[in-house]
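To start, the structure itself, in structure tokens.
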Amino acid sequence: MQNLTAARVAKQLFSAEDALDRTLGETAKLISSLCEARIANRLPAIAGQRVIGGAAEALAALERARRSVLDTHEGLADLREEYGFETVAAGVLHKPEGAAPQGALEAAA
């Protein structure tokens with residue numbers, strides 16, 4: 001029974017992580033589209049600043065939410081160890097400890 005519960009929690013955790021990444025990407029695309037629309041329509045830089053700023057604030061809030069879900073992930077791993085639950089493999093299996101981001105992720109870090 002514990003494995004079924006753990007598998008359900010793990011599946012939902014990975015789903016939440018993926019959803020946040022997709023939403024971050026879509027929000028970043030929105031900001032890009034807003035900027036491109038301003039340029040294409042030859043509007044002054046001030047045009048739409050409040051709208052772009054709002055979208056940028058949403059992006060920052062999503063990043064904080066992503067960080068919180070990753071903290072939750074880490075907390076669940078701690079609980080697993082503390083109570084001796086079996087590891088449930090439901091997401092990416094290779095997660096190097098303390099590895100620095102590389103490539104495009106390195107530039108973003």
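Here's how to read the names in the structure tokens: chain A, B, ... by the order shown, residue numbers from 1 in each chain, ligand numbers from 1 in the order shown.
Once stretch 27-43 of chain A and its same-chain neighbours fewer than 3 positions away are set aside, Thr23, Leu24, Ala47, Ile52, Ala55 and Leu59 of chain A remain within 7 Å of it when counting only C-alpha atoms.
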**Prompt:** Restricting the calculation to only C-alpha atoms, which member of A:Glu81, A:Asp71, A:Glu86, A:Glu26 is positioned closest to A:Ala58?
**Reply:**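 Nearest to A:Ala58: A:Glu26.
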